>>> print(open('model.pdb').read())   # PDB, C-alpha atoms
ATOM      1  CA  MET A   1      11.513   0.438 -29.983
ATOM      2  CA  SER A   2      13.617   3.411 -28.868
ATOM      3  CA  VAL A   3      16.226   3.237 -26.111
ATOM      4  CA  GLU A   4      14.100   5.507 -23.898
ATOM      5  CA  LYS A   5      11.125   3.148 -24.133
ATOM      6  CA  VAL A   6      13.286   0.110 -23.365
ATOM      7  CA  ILE A   7      14.734   1.769 -20.255
ATOM      8  CA  TYR A   8      11.278   2.987 -19.243
ATOM      9  CA  THR A   9       9.791  -0.506 -19.627
ATOM     10  CA  LEU A  10      12.579  -2.146 -17.604
ATOM     11  CA  LEU A  11      12.186   0.402 -14.809
ATOM     12  CA  GLU A  12       8.406  -0.098 -14.805
ATOM     13  CA  VAL A  13       8.905  -3.865 -14.455
ATOM     14  CA  LEU A  14      11.257  -3.266 -11.504
ATOM     15  CA  VAL A  15       8.792  -0.874  -9.858
ATOM     16  CA  ALA A  16       5.880  -3.308 -10.433
ATOM     17  CA  PHE A  17       7.841  -6.164  -8.829
ATOM     18  CA  SER A  18       8.726  -3.975  -5.838
ATOM     19  CA  CYS A  19       5.087  -2.879  -5.456
ATOM     20  CA  CYS A  20       3.806  -6.451  -5.442
ATOM     21  CA  LEU A  21       6.475  -7.845  -3.124
ATOM     22  CA  GLY A  22       6.534  -4.992  -0.614
ATOM     23  CA  ASN A  23       2.780  -4.515  -0.296
ATOM     24  CA  MET A  24       2.093  -8.258  -0.148
ATOM     25  CA  LEU A  25       4.518  -8.346   2.774
ATOM     26  CA  VAL A  26       2.565  -5.519   4.464
ATOM     27  CA  ILE A  27      -0.759  -7.306   3.948
ATOM     28  CA  LEU A  28       0.525 -10.663   5.226
ATOM     29  CA  ALA A  29       2.360  -9.130   8.191
ATOM     30  CA  LEU A  30      -0.677  -7.176   9.396
ATOM     31  CA  TRP A  31      -3.232  -9.865   8.572
ATOM     32  CA  THR A  32      -1.392 -12.505  10.609
ATOM     33  CA  SER A  33      -0.829 -10.223  13.585
ATOM     34  CA  LYS A  34      -3.170  -8.667  16.136
ATOM     35  CA  SER A  35      -2.487  -5.203  14.681
ATOM     36  CA  ILE A  36      -5.140  -5.770  12.007
ATOM     37  CA  ARG A  37      -7.763  -5.432  14.749
ATOM     38  CA  GLN A  38      -6.899  -1.760  15.206
ATOM     39  CA  PRO A  39      -8.849   0.642  12.947
ATOM     40  CA  THR A  40      -5.775   2.518  11.714
ATOM     41  CA  PHE A  41      -4.074  -0.620  10.456
ATOM     42  CA  CYS A  42      -7.232  -1.759   8.660
ATOM     43  CA  LEU A  43      -6.958   1.443   6.635
ATOM     44  CA  ILE A  44      -3.242   0.805   6.019
ATOM     45  CA  VAL A  45      -4.147  -2.650   4.657
ATOM     46  CA  CYS A  46      -6.632  -0.970   2.298
ATOM     47  CA  LEU A  47      -3.881   1.347   1.065
ATOM     48  CA  ALA A  48      -1.503  -1.612   0.691
ATOM     49  CA  VAL A  49      -4.080  -3.513  -1.393
ATOM     50  CA  ALA A  50      -4.458  -0.526  -3.723
ATOM     51  CA  ASP A  51      -0.662  -0.201  -4.013
ATOM     52  CA  PHE A  52      -0.357  -3.955  -4.674
ATOM     53  CA  MET A  53      -2.890  -3.663  -7.509
ATOM     54  CA  VAL A  54      -0.894  -0.773  -8.937
ATOM     55  CA  GLY A  55       1.999  -3.203  -9.322
ATOM     56  CA  CYS A  56       0.084  -6.183 -10.695
ATOM     57  CA  VAL A  57      -2.636  -4.391 -12.715
ATOM     58  CA  ALA A  58      -2.106  -0.673 -13.342
ATOM     59  CA  ILE A  59       1.580  -0.701 -14.321
ATOM     60  CA  PRO A  60       1.279  -3.635 -16.796
ATOM     61  CA  MET A  61      -1.759  -1.951 -18.357
ATOM     62  CA  ALA A  62       0.045   1.390 -18.620
ATOM     63  CA  VAL A  63       3.092  -0.260 -20.238
ATOM     64  CA  LEU A  64       1.009  -2.227 -22.739
ATOM     65  CA  VAL A  65      -1.133   0.716 -23.806
ATOM     66  CA  ASP A  66       1.894   2.966 -24.344
ATOM     67  CA  GLY A  67       2.177   2.147 -28.046
ATOM     68  CA  ARG A  68       2.874  -1.583 -27.576
ATOM     69  CA  VAL A  69      -0.661  -2.906 -28.065
ATOM     70  CA  ARG A  70      -3.193  -1.406 -30.446
ATOM     71  CA  THR A  71      -6.464  -0.775 -28.622
ATOM     72  CA  SER A  72      -9.753   0.881 -29.425
ATOM     73  CA  PHE A  73     -10.611   4.234 -27.917
ATOM     74  CA  HIS A  74     -12.908   2.683 -25.305
ATOM     75  CA  GLY A  75     -10.321   0.017 -24.490
ATOM     76  CA  CYS A  76      -7.722   2.701 -23.860
ATOM     77  CA  LEU A  77     -10.266   4.703 -21.864
ATOM     78  CA  PHE A  78     -11.065   1.665 -19.699
ATOM     79  CA  ILE A  79      -7.373   1.160 -18.887
ATOM     80  CA  SER A  80      -7.106   4.823 -17.949
ATOM     81  CA  CYS A  81     -10.141   4.478 -15.667
ATOM     82  CA  VAL A  82      -8.564   1.490 -13.894
ATOM     83  CA  VAL A  83      -5.422   3.535 -13.193
ATOM     84  CA  ILE A  84      -7.593   6.397 -11.916
ATOM     85  CA  LEU A  85      -9.548   3.959  -9.717
ATOM     86  CA  LEU A  86      -6.457   2.703  -7.896
ATOM     87  CA  THR A  87      -5.106   6.227  -7.527
ATOM     88  CA  LEU A  88      -8.424   7.460  -6.142
ATOM     89  CA  VAL A  89      -8.640   4.564  -3.667
ATOM     90  CA  SER A  90      -5.149   5.499  -2.452
ATOM     91  CA  VAL A  91      -6.189   9.142  -2.043
ATOM     92  CA  LEU A  92      -9.369   8.211  -0.162
ATOM     93  CA  SER A  93      -7.457   5.742   2.039
ATOM     94  CA  LEU A  94      -4.889   8.400   2.900
ATOM     95  CA  THR A  95      -7.711  10.832   3.698
ATOM     96  CA  ALA A  96      -9.330   8.258   5.983
ATOM     97  CA  ILE A  97      -5.988   7.579   7.680
ATOM     98  CA  ALA A  98      -5.464  11.313   8.241
ATOM     99  CA  MET A  99      -8.935  11.672   9.775
ATOM    100  CA  ASP A 100      -8.376   8.592  11.923
ATOM    101  CA  ARG A 101      -5.092  10.004  13.230
ATOM    102  CA  PHE A 102      -6.705  13.362  13.974
ATOM    103  CA  LEU A 103      -9.524  11.770  15.979
ATOM    104  CA  ARG A 104      -7.201   9.366  17.800
ATOM    105  CA  VAL A 105      -4.843  12.129  18.926
ATOM    106  CA  TYR A 106      -7.325  14.887  19.777
ATOM    107  CA  ILE A 107     -10.237  12.906  21.231
ATOM    108  CA  PRO A 108      -8.550   9.673  22.425
ATOM    109  CA  LEU A 109     -11.133   8.648  25.041
ATOM    110  CA  ARG A 110     -14.140   9.128  22.784
ATOM    111  CA  TYR A 111     -12.250   7.546  19.883
ATOM    112  CA  LYS A 112     -11.605   4.322  21.820
ATOM    113  CA  ARG A 113     -15.254   4.082  22.854
ATOM    114  CA  THR A 114     -16.796   4.727  19.445
ATOM    115  CA  VAL A 115     -14.386   3.729  16.645
ATOM    116  CA  THR A 116     -14.191  -0.049  16.184
ATOM    117  CA  GLN A 117     -12.715  -2.468  13.683
ATOM    118  CA  ARG A 118     -16.163  -2.781  12.078
ATOM    119  CA  HIS A 119     -16.282   0.976  11.530
ATOM    120  CA  SER A 120     -12.869   0.937   9.867
ATOM    121  CA  TRP A 121     -13.893  -1.835   7.456
ATOM    122  CA  LEU A 122     -17.022   0.143   6.591
ATOM    123  CA  VAL A 123     -14.763   3.089   5.762
ATOM    124  CA  VAL A 124     -12.635   0.796   3.581
ATOM    125  CA  ALA A 125     -15.751  -0.369   1.727
ATOM    126  CA  ALA A 126     -16.889   3.246   1.327
ATOM    127  CA  CYS A 127     -13.513   4.189  -0.203
ATOM    128  CA  TRP A 128     -13.889   1.549  -2.921
ATOM    129  CA  LEU A 129     -17.611   2.114  -3.504
ATOM    130  CA  LEU A 130     -17.067   5.850  -3.900
ATOM    131  CA  ALA A 131     -14.002   5.440  -6.117
ATOM    132  CA  VAL A 132     -15.635   3.092  -8.655
ATOM    133  CA  PRO A 133     -18.355   5.418 -10.042
ATOM    134  CA  LEU A 134     -16.063   8.452  -9.932
ATOM    135  CA  SER A 135     -13.301   6.615 -11.816
ATOM    136  CA  PHE A 136     -15.471   5.021 -14.487
ATOM    137  CA  ALA A 137     -17.672   8.047 -15.157
ATOM    138  CA  PRO A 138     -15.785   8.760 -18.452
ATOM    139  CA  MET A 139     -16.925   5.324 -19.730
ATOM    140  CA  LEU A 140     -20.492   6.685 -19.686
ATOM    141  CA  GLY A 141     -19.575   9.451 -22.141
ATOM    142  CA  TRP A 142     -18.216  12.104 -19.765
ATOM    143  CA  TYR A 143     -15.434  13.349 -22.023
ATOM    144  CA  LYS A 144     -14.940  15.917 -24.757
ATOM    145  CA  HIS A 145     -15.202  14.542 -28.264
ATOM    146  CA  GLU A 146     -12.646  17.014 -29.602
ATOM    147  CA  THR A 147      -9.932  15.571 -27.343
ATOM    148  CA  LEU A 148     -10.326  11.917 -28.374
ATOM    149  CA  ALA A 149      -7.048  11.889 -30.291
ATOM    150  CA  ASN A 150      -5.077  12.834 -27.149
ATOM    151  CA  ILE A 151      -6.397  10.362 -24.540
ATOM    152  CA  ARG A 152      -3.242   8.241 -24.856
ATOM    153  CA  GLY A 153      -0.973  11.189 -24.136
ATOM    154  CA  ASN A 154      -2.770  12.066 -20.890
ATOM    155  CA  LEU A 155      -2.428   8.557 -19.368
ATOM    156  CA  ARG A 156      -2.209   9.667 -12.895
ATOM    157  CA  GLU A 157     -11.718  13.412  32.818
ATOM    158  CA  LYS A 158      -8.813  14.741  34.896
ATOM    159  CA  PRO A 159      -6.349  11.904  35.549
ATOM    160  CA  GLY A 160      -4.023  11.202  38.442
ATOM    161  CA  ASN A 161      -0.218  11.218  38.184
ATOM    162  CA  GLY A 162       0.035   7.598  37.015
ATOM    163  CA  ALA A 163      -2.740   8.110  34.510
ATOM    164  CA  LYS A 164      -1.056  11.315  33.353
ATOM    165  CA  ILE A 165       2.152   9.423  32.582
ATOM    166  CA  GLN A 166       0.213   6.724  30.704
ATOM    167  CA  SER A 167      -1.740   9.396  28.852
ATOM    168  CA  GLN A 168       1.475  11.208  27.886
ATOM    169  CA  ASN A 169       3.059   7.980  26.657
ATOM    170  CA  TYR A 170      -0.092   7.170  24.692
ATOM    171  CA  LEU A 171      -0.165  10.587  23.058
ATOM    172  CA  LYS A 172       3.545  10.380  22.296
ATOM    173  CA  LYS A 173       3.117   7.047  20.494
ATOM    174  CA  GLU A 174       0.039   8.245  18.644
ATOM    175  CA  LYS A 175       1.797  11.428  17.510
ATOM    176  CA  GLN A 176       4.780   9.391  16.327
ATOM    177  CA  LEU A 177       2.464   7.189  14.282
ATOM    178  CA  ALA A 178       0.672  10.283  12.980
ATOM    179  CA  GLY A 179       4.018  11.752  11.926
ATOM    180  CA  SER A 180       4.968   8.544  10.110
ATOM    181  CA  LEU A 181       1.653   8.452   8.254
ATOM    182  CA  SER A 182       2.025  12.156   7.449
ATOM    183  CA  LEU A 183       5.290  11.211   5.725
ATOM    184  CA  VAL A 184       3.358   8.670   3.635
ATOM    185  CA  LEU A 185       0.882  11.402   2.679
ATOM    186  CA  ALA A 186       3.676  13.859   1.820
ATOM    187  CA  LEU A 187       5.488  11.293  -0.344
ATOM    188  CA  PHE A 188       2.239  10.566  -2.178
ATOM    189  CA  ALA A 189       1.787  14.258  -2.968
ATOM    190  CA  LEU A 190       5.415  14.710  -4.056
ATOM    191  CA  SER A 191       5.219  11.626  -6.276
ATOM    192  CA  TRP A 192       2.046  12.627  -8.115
ATOM    193  CA  ILE A 193       2.259  16.435  -8.334
ATOM    194  CA  PRO A 194       4.962  16.549 -11.080
ATOM    195  CA  LEU A 195       2.906  14.336 -13.411
ATOM    196  CA  HIS A 196      -0.251  16.363 -12.841
ATOM    197  CA  ILE A 197       1.635  19.612 -13.487
ATOM    198  CA  MET A 198       2.987  18.210 -16.764
ATOM    199  CA  ASN A 199      -0.495  17.007 -17.775
ATOM    200  CA  CYS A 200      -1.893  20.498 -17.102
ATOM    201  CA  ILE A 201       0.870  22.116 -19.152
ATOM    202  CA  ASP A 202       0.296  19.592 -21.940
ATOM    203  CA  TYR A 203      -3.452  20.265 -21.944
ATOM    204  CA  PHE A 204      -3.549  24.056 -21.557
ATOM    205  CA  VAL A 205      -0.316  25.138 -23.300
ATOM    206  CA  GLY A 206       0.375  22.514 -25.927
ATOM    207  CA  PRO A 207       1.350  18.854 -26.417
ATOM    208  CA  SER A 208       4.924  19.617 -27.523
ATOM    209  CA  VAL A 209       5.964  21.761 -24.546
ATOM    210  CA  VAL A 210       6.790  18.939 -22.126
ATOM    211  CA  PRO A 211       9.355  16.390 -23.422
ATOM    212  CA  VAL A 212       8.336  12.740 -23.628
ATOM    213  CA  LYS A 213      11.259  11.793 -21.351
ATOM    214  CA  ALA A 214       9.874  14.093 -18.661
ATOM    215  CA  PHE A 215       6.510  12.318 -18.886
ATOM    216  CA  TYR A 216       8.251   8.959 -18.494
ATOM    217  CA  VAL A 217      10.017  10.215 -15.374
ATOM    218  CA  GLY A 218       6.741  11.561 -13.968
ATOM    219  CA  ILE A 219       4.916   8.278 -14.605
ATOM    220  CA  LEU A 220       7.723   6.253 -13.005
ATOM    221  CA  LEU A 221       7.751   8.579 -10.003
ATOM    222  CA  SER A 222       3.989   8.224  -9.493
ATOM    223  CA  HIS A 223       4.169   4.430  -9.752
ATOM    224  CA  ALA A 224       7.216   4.237  -7.488
ATOM    225  CA  ASN A 225       5.180   5.784  -4.675
ATOM    226  CA  SER A 226       3.315   2.486  -4.297
ATOM    227  CA  ALA A 227       6.639   0.699  -3.789
ATOM    228  CA  VAL A 228       7.972   3.233  -1.268
ATOM    229  CA  ASN A 229       5.178   2.931   1.309
ATOM    230  CA  PRO A 230       6.184  -0.531   2.635
ATOM    231  CA  VAL A 231       9.722   0.784   3.206
ATOM    232  CA  VAL A 232       8.358   3.767   5.151
ATOM    233  CA  TYR A 233       6.233   1.426   7.258
ATOM    234  CA  ALA A 234       9.244  -0.764   8.059
ATOM    235  CA  PHE A 235      11.450   2.111   9.237
ATOM    236  CA  LYS A 236       8.905   4.465  10.821
ATOM    237  CA  ILE A 237       6.063   2.348  12.323
ATOM    238  CA  GLN A 238       7.221   0.023  15.099
ATOM    239  CA  LYS A 239       4.183  -2.287  15.061
ATOM    240  CA  ILE A 240       4.547  -2.988  11.350
ATOM    241  CA  LYS A 241       8.298  -3.491  11.768
ATOM    242  CA  THR A 242       7.569  -6.009  14.523
ATOM    243  CA  ALA A 243       4.959  -7.712  12.312
ATOM    244  CA  TYR A 244       7.573  -7.991   9.527
ATOM    245  CA  LEU A 245      10.068  -9.615  11.900
ATOM    246  CA  ASN A 246       7.462 -12.021  13.295
ATOM    247  CA  LEU A 247       6.472 -13.033   9.765
ATOM    248  CA  TRP A 248      10.127 -13.614   8.876
ATOM    249  CA  ARG A 249      10.760 -15.701  12.003
ATOM    250  CA  ARG A 250       7.595 -17.737  11.516
ATOM    251  CA  HIS A 251       8.284 -18.724   7.917
ATOM    252  CA  PHE A 252      12.080 -18.840   7.792
ATOM    253  CA  THR A 253      13.889 -18.895  11.122
ATOM    254  CA  CYS A 254      11.246 -20.987  12.900
ATOM    255  CA  GLY A 255      11.217 -23.392   9.995
ATOM    256  CA  GLU A 256      14.919 -24.033  10.467
ATOM    257  CA  ASP A 257      14.464 -24.324  14.226
ATOM    258  CA  ASN A 258      11.624 -26.801  13.792
ATOM    259  CA  GLN A 259      13.737 -28.869  11.436
ATOM    260  CA  GLY A 260      16.537 -28.859  13.962
ATOM    261  CA  CYS A 261      14.128 -29.816  16.745
ATOM    262  CA  GLN A 262      12.726 -32.659  14.647
ATOM    263  CA  THR A 263      16.227 -33.936  13.865
ATOM    264  CA  SER A 264      17.166 -33.772  17.531
ATOM    265  CA  GLN A 265      13.961 -35.540  18.532
ATOM    266  CA  THR A 266      14.585 -38.299  15.981
ATOM    267  CA  THR A 267      18.113 -38.774  17.313
ATOM    268  CA  ASP A 268      16.838 -38.978  20.882
ATOM    269  CA  ASN A 269      14.210 -41.529  19.884
ATOM    270  CA  ASN A 270      16.805 -43.672  18.105
ATOM    271  CA  LEU A 271      19.130 -43.487  21.105
ATOM    272  CA  SER A 272      16.320 -44.452  23.471
ATOM    273  CA  SER A 273      15.357 -47.377  21.229
ATOM    274  CA  ASN A 274      18.952 -48.647  21.134
ATOM    275  CA  MET A 275      19.238 -48.421  24.909
ATOM    276  CA  ASN A 276      16.024 -50.418  25.322
ATOM    277  CA  SER A 277      17.349 -53.074  22.935
ATOM    278  CA  VAL A 278      20.577 -53.369  24.921
ATOM    279  CA  ALA A 279      18.621 -53.637  28.148
ATOM    280  CA  GLN A 280      16.501 -56.465  26.722
ATOM    281  CA  ILE A 281      19.617 -58.380  25.581
ATOM    282  CA  GLU A 282      21.170 -58.112  29.015
TER     283      GLU A 282
END
>>> encode(input="model.pdb", output="structure tokens")
Amino acid sequence: MSVEKVIYTLLEVLVAFSCCLGNMLVILALWTSKSIRQPTFCLIVCLAVADFMVGCVAIPMAVLVDGRVRTSFHGCLFISCVVILLTLVSVLSLTAIAMDRFLRVYIPLRYKRTVTQRHSWLVVAACWLLAVPLSFAPMLGWYKHETLANIRGNLREKPGNGAKIQSQNYLKKEKQLAGSLSLVLALFALSWIPLHIMNCIDYFVGPSVVPVKAFYVGILLSHANSAVNPVVYAFKIQKIKTAYLNLWRRHFTCGEDNQGCQTSQTTDNNLSSNMNSVAQIE
């Protein structure tokens, strides 16, 4: 195995670990807090699930199929379809989040009356149901037979003053959240565009134009996007940051406090028992 492949594999393992850890933290933090009841955060959980599966499914498959395990054509095609599935779910989730932000900012009163948690989960289900047939269409024979040898190389009402102030604060918070989620969308585009450009050059110009090292960098960059999102959430979205801190306190800090409380309670009980014994002797 060449030095480039060793470095690439080690970096992929690091990215996969970061994807799994970071997105599992997002899922747990939102699932155990009241934020999951809000439609926007249901969609963020959907995106986090897709990013988590990139780390635990897509990246290991991509590493194994890259010359390390001999597979049949259809086996390699299936792995490619799985990678496309998770990417497409991420794209559809980001689209749903963008639409949700647009409606929440521009028609806030109607949005609150009509959009519910049930609606958001239906959108989540629609994202996956739409992504599956689109991603696995090549398994049904939708590919060009003359390009079989290169499938491996292409593996990505008018208010009062008080109400006005509340309305302004509401819009300010919603726009801040929209800006943070726009950053997530922009990072997704920046992470995936280089790889798609290289794939287009490789397909239309020739397979030897783009160096293999450049492809490795593009693949790593696209996978790293799934590990970056939890960091963006932590620094840019206050509710998720608060959910992180609450999760940390509940499972670590509170555990220590509870242990200390139990120790203190045991000491008090022992002291009380000793005092009762002394009183009985007297």
>>> atom_distance(input="model.pdb", atom1="CA of Lys175 in chain A", atom2="CA of Asn229 in chain A")
18.6 Å
>>> residues_around(input="model.pdb", residues="Thr9 in chain A", least_positions_apart="6", cutoff="10 Å", atoms="all atoms listed in the file", output="JSON list (two decimals) with C-alpha atoms, in the frame of the given file")
[["chain", "number", "residue", "atom", "x", "y", "z"],
["A", 3, "VAL", "CA", 16.23, 3.24, -26.11],
["A", 15, "VAL", "CA", 8.79, -0.87, -9.86],
["A", 59, "ILE", "CA", 1.58, -0.70, -14.32],
["A", 60, "PRO", "CA", 1.28, -3.64, -16.80],
["A", 62, "ALA", "CA", 0.04, 1.39, -18.62],
["A", 63, "VAL", "CA", 3.09, -0.26, -20.24],
["A", 64, "LEU", "CA", 1.01, -2.23, -22.74],
["A", 66, "ASP", "CA", 1.89, 2.97, -24.34],
["A", 216, "TYR", "CA", 8.25, 8.96, -18.49],
["A", 220, "LEU", "CA", 7.72, 6.25, -13.00]]
>>> residues_around(input="model.pdb", residues="Phe41 in chain A", least_positions_apart="3", cutoff="10 Å", atoms="only C-alpha atoms", output="ChimeraX atom specification")
/A:27,30-31,34-38,44-47,97,117,120,239-240
>>> resolve_selection(input="model.pdb", expression="the PyMOL selection byres ((chain A and resi 16) around 8)", output="list in words")
Glu12, Val13, Leu14, Val15, Phe17, Ser18, Cys19, Cys20, Val54, Gly55, Cys56, Ile59, Pro60, His223 and Ala227 of chain A
>>> write_last_selection(input="model.pdb", atoms="C-alpha atoms", output="PDB file, keeping the file's coordinate frame")
ATOM      1  CA  GLU A  12       8.406  -0.098 -14.805  1.00  0.00           C
ATOM      2  CA  VAL A  13       8.905  -3.865 -14.455  1.00  0.00           C
ATOM      3  CA  LEU A  14      11.257  -3.266 -11.504  1.00  0.00           C
ATOM      4  CA  VAL A  15       8.792  -0.874  -9.858  1.00  0.00           C
ATOM      5  CA  PHE A  17       7.841  -6.164  -8.829  1.00  0.00           C
ATOM      6  CA  SER A  18       8.726  -3.975  -5.838  1.00  0.00           C
ATOM      7  CA  CYS A  19       5.087  -2.879  -5.456  1.00  0.00           C
ATOM      8  CA  CYS A  20       3.806  -6.451  -5.442  1.00  0.00           C
ATOM      9  CA  VAL A  54      -0.894  -0.773  -8.937  1.00  0.00           C
ATOM     10  CA  GLY A  55       1.999  -3.203  -9.322  1.00  0.00           C
ATOM     11  CA  CYS A  56       0.084  -6.183 -10.695  1.00  0.00           C
ATOM     12  CA  ILE A  59       1.580  -0.701 -14.321  1.00  0.00           C
ATOM     13  CA  PRO A  60       1.279  -3.635 -16.796  1.00  0.00           C
ATOM     14  CA  HIS A 223       4.169   4.430  -9.752  1.00  0.00           C
ATOM     15  CA  ALA A 227       6.639   0.699  -3.789  1.00  0.00           C
TER      16      ALA A 227
END
>>> closest_residue(input="model.pdb", among="A:Leu109, A:Val89, A:Leu103, A:Cys81", to="Ala131 in chain A", atoms="all atoms listed in the file")
A:Val89
>>> build_atoms(input="model.pdb", residues="range 28-45 of chain A", atoms="N, CA, C and O atoms", output="PDB file, in the frame of the given file")
ATOM      1  N   LEU A  28       0.344  -9.421   4.470  1.00  0.00           N
ATOM      2  CA  LEU A  28       0.525 -10.663   5.226  1.00  0.00           C
ATOM      3  C   LEU A  28       0.940 -10.389   6.665  1.00  0.00           C
ATOM      4  O   LEU A  28       0.446 -11.032   7.607  1.00  0.00           O
ATOM      5  N   ALA A  29       1.857  -9.430   6.850  1.00  0.00           N
ATOM      6  CA  ALA A  29       2.360  -9.130   8.191  1.00  0.00           C
ATOM      7  C   ALA A  29       1.244  -8.626   9.092  1.00  0.00           C
ATOM      8  O   ALA A  29       1.129  -9.047  10.254  1.00  0.00           O
ATOM      9  N   LEU A  30       0.402  -7.726   8.574  1.00  0.00           N
ATOM     10  CA  LEU A  30      -0.677  -7.176   9.396  1.00  0.00           C
ATOM     11  C   LEU A  30      -1.835  -8.160   9.546  1.00  0.00           C
ATOM     12  O   LEU A  30      -2.475  -8.220  10.598  1.00  0.00           O
ATOM     13  N   TRP A  31      -2.104  -8.938   8.515  1.00  0.00           N
ATOM     14  CA  TRP A  31      -3.232  -9.865   8.572  1.00  0.00           C
ATOM     15  C   TRP A  31      -2.983 -11.003   9.552  1.00  0.00           C
ATOM     16  O   TRP A  31      -3.915 -11.519  10.169  1.00  0.00           O
ATOM     17  N   THR A  32      -1.719 -11.407   9.699  1.00  0.00           N
ATOM     18  CA  THR A  32      -1.392 -12.505  10.609  1.00  0.00           C
ATOM     19  C   THR A  32      -1.046 -12.035  12.012  1.00  0.00           C
ATOM     20  O   THR A  32      -0.686 -12.845  12.858  1.00  0.00           O
ATOM     21  N   SER A  33      -1.124 -10.744  12.252  1.00  0.00           N
ATOM     22  CA  SER A  33      -0.829 -10.223  13.585  1.00  0.00           C
ATOM     23  C   SER A  33      -2.087  -9.595  14.180  1.00  0.00           C
ATOM     24  O   SER A  33      -3.096  -9.403  13.510  1.00  0.00           O
ATOM     25  N   LYS A  34      -2.026  -9.268  15.456  1.00  0.00           N
ATOM     26  CA  LYS A  34      -3.170  -8.667  16.136  1.00  0.00           C
ATOM     27  C   LYS A  34      -3.367  -7.201  15.749  1.00  0.00           C
ATOM     28  O   LYS A  34      -4.393  -6.613  16.066  1.00  0.00           O
ATOM     29  N   SER A  35      -2.387  -6.616  15.054  1.00  0.00           N
ATOM     30  CA  SER A  35      -2.487  -5.203  14.681  1.00  0.00           C
ATOM     31  C   SER A  35      -3.647  -4.925  13.741  1.00  0.00           C
ATOM     32  O   SER A  35      -4.178  -3.819  13.695  1.00  0.00           O
ATOM     33  N   ILE A  36      -4.064  -5.966  12.977  1.00  0.00           N
ATOM     34  CA  ILE A  36      -5.140  -5.770  12.007  1.00  0.00           C
ATOM     35  C   ILE A  36      -6.447  -5.424  12.713  1.00  0.00           C
ATOM     36  O   ILE A  36      -7.371  -4.882  12.110  1.00  0.00           O
ATOM     37  N   ARG A  37      -6.541  -5.733  14.007  1.00  0.00           N
ATOM     38  CA  ARG A  37      -7.763  -5.432  14.749  1.00  0.00           C
ATOM     39  C   ARG A  37      -7.907  -3.944  15.059  1.00  0.00           C
ATOM     40  O   ARG A  37      -8.971  -3.501  15.450  1.00  0.00           O
ATOM     41  N   GLN A  38      -6.839  -3.187  14.929  1.00  0.00           N
ATOM     42  CA  GLN A  38      -6.899  -1.760  15.206  1.00  0.00           C
ATOM     43  C   GLN A  38      -7.363  -1.014  13.957  1.00  0.00           C
ATOM     44  O   GLN A  38      -6.913  -1.313  12.847  1.00  0.00           O
ATOM     45  N   PRO A  39      -8.275  -0.049  14.113  1.00  0.00           N
ATOM     46  CA  PRO A  39      -8.849   0.642  12.947  1.00  0.00           C
ATOM     47  C   PRO A  39      -7.814   1.251  12.013  1.00  0.00           C
ATOM     48  O   PRO A  39      -7.945   1.154  10.790  1.00  0.00           O
ATOM     49  N   THR A  40      -6.772   1.873  12.564  1.00  0.00           N
ATOM     50  CA  THR A  40      -5.775   2.518  11.714  1.00  0.00           C
ATOM     51  C   THR A  40      -5.110   1.530  10.769  1.00  0.00           C
ATOM     52  O   THR A  40      -4.919   1.807   9.582  1.00  0.00           O
ATOM     53  N   PHE A  41      -4.792   0.352  11.271  1.00  0.00           N
ATOM     54  CA  PHE A  41      -4.074  -0.620  10.456  1.00  0.00           C
ATOM     55  C   PHE A  41      -4.986  -1.297   9.443  1.00  0.00           C
ATOM     56  O   PHE A  41      -4.509  -1.797   8.418  1.00  0.00           O
ATOM     57  N   CYS A  42      -6.286  -1.316   9.694  1.00  0.00           N
ATOM     58  CA  CYS A  42      -7.232  -1.759   8.660  1.00  0.00           C
ATOM     59  C   CYS A  42      -7.157  -0.834   7.446  1.00  0.00           C
ATOM     60  O   CYS A  42      -7.167  -1.279   6.294  1.00  0.00           O
ATOM     61  N   LEU A  43      -7.056   0.462   7.716  1.00  0.00           N
ATOM     62  CA  LEU A  43      -6.958   1.443   6.635  1.00  0.00           C
ATOM     63  C   LEU A  43      -5.620   1.320   5.908  1.00  0.00           C
ATOM     64  O   LEU A  43      -5.546   1.507   4.691  1.00  0.00           O
ATOM     65  N   ILE A  44      -4.554   1.006   6.651  1.00  0.00           N
ATOM     66  CA  ILE A  44      -3.242   0.805   6.019  1.00  0.00           C
ATOM     67  C   ILE A  44      -3.276  -0.417   5.105  1.00  0.00           C
ATOM     68  O   ILE A  44      -2.679  -0.405   4.019  1.00  0.00           O
ATOM     69  N   VAL A  45      -3.993  -1.473   5.517  1.00  0.00           N
ATOM     70  CA  VAL A  45      -4.147  -2.650   4.657  1.00  0.00           C
ATOM     71  C   VAL A  45      -4.884  -2.272   3.375  1.00  0.00           C
ATOM     72  O   VAL A  45      -4.519  -2.725   2.282  1.00  0.00           O
TER      73      VAL A  45
END
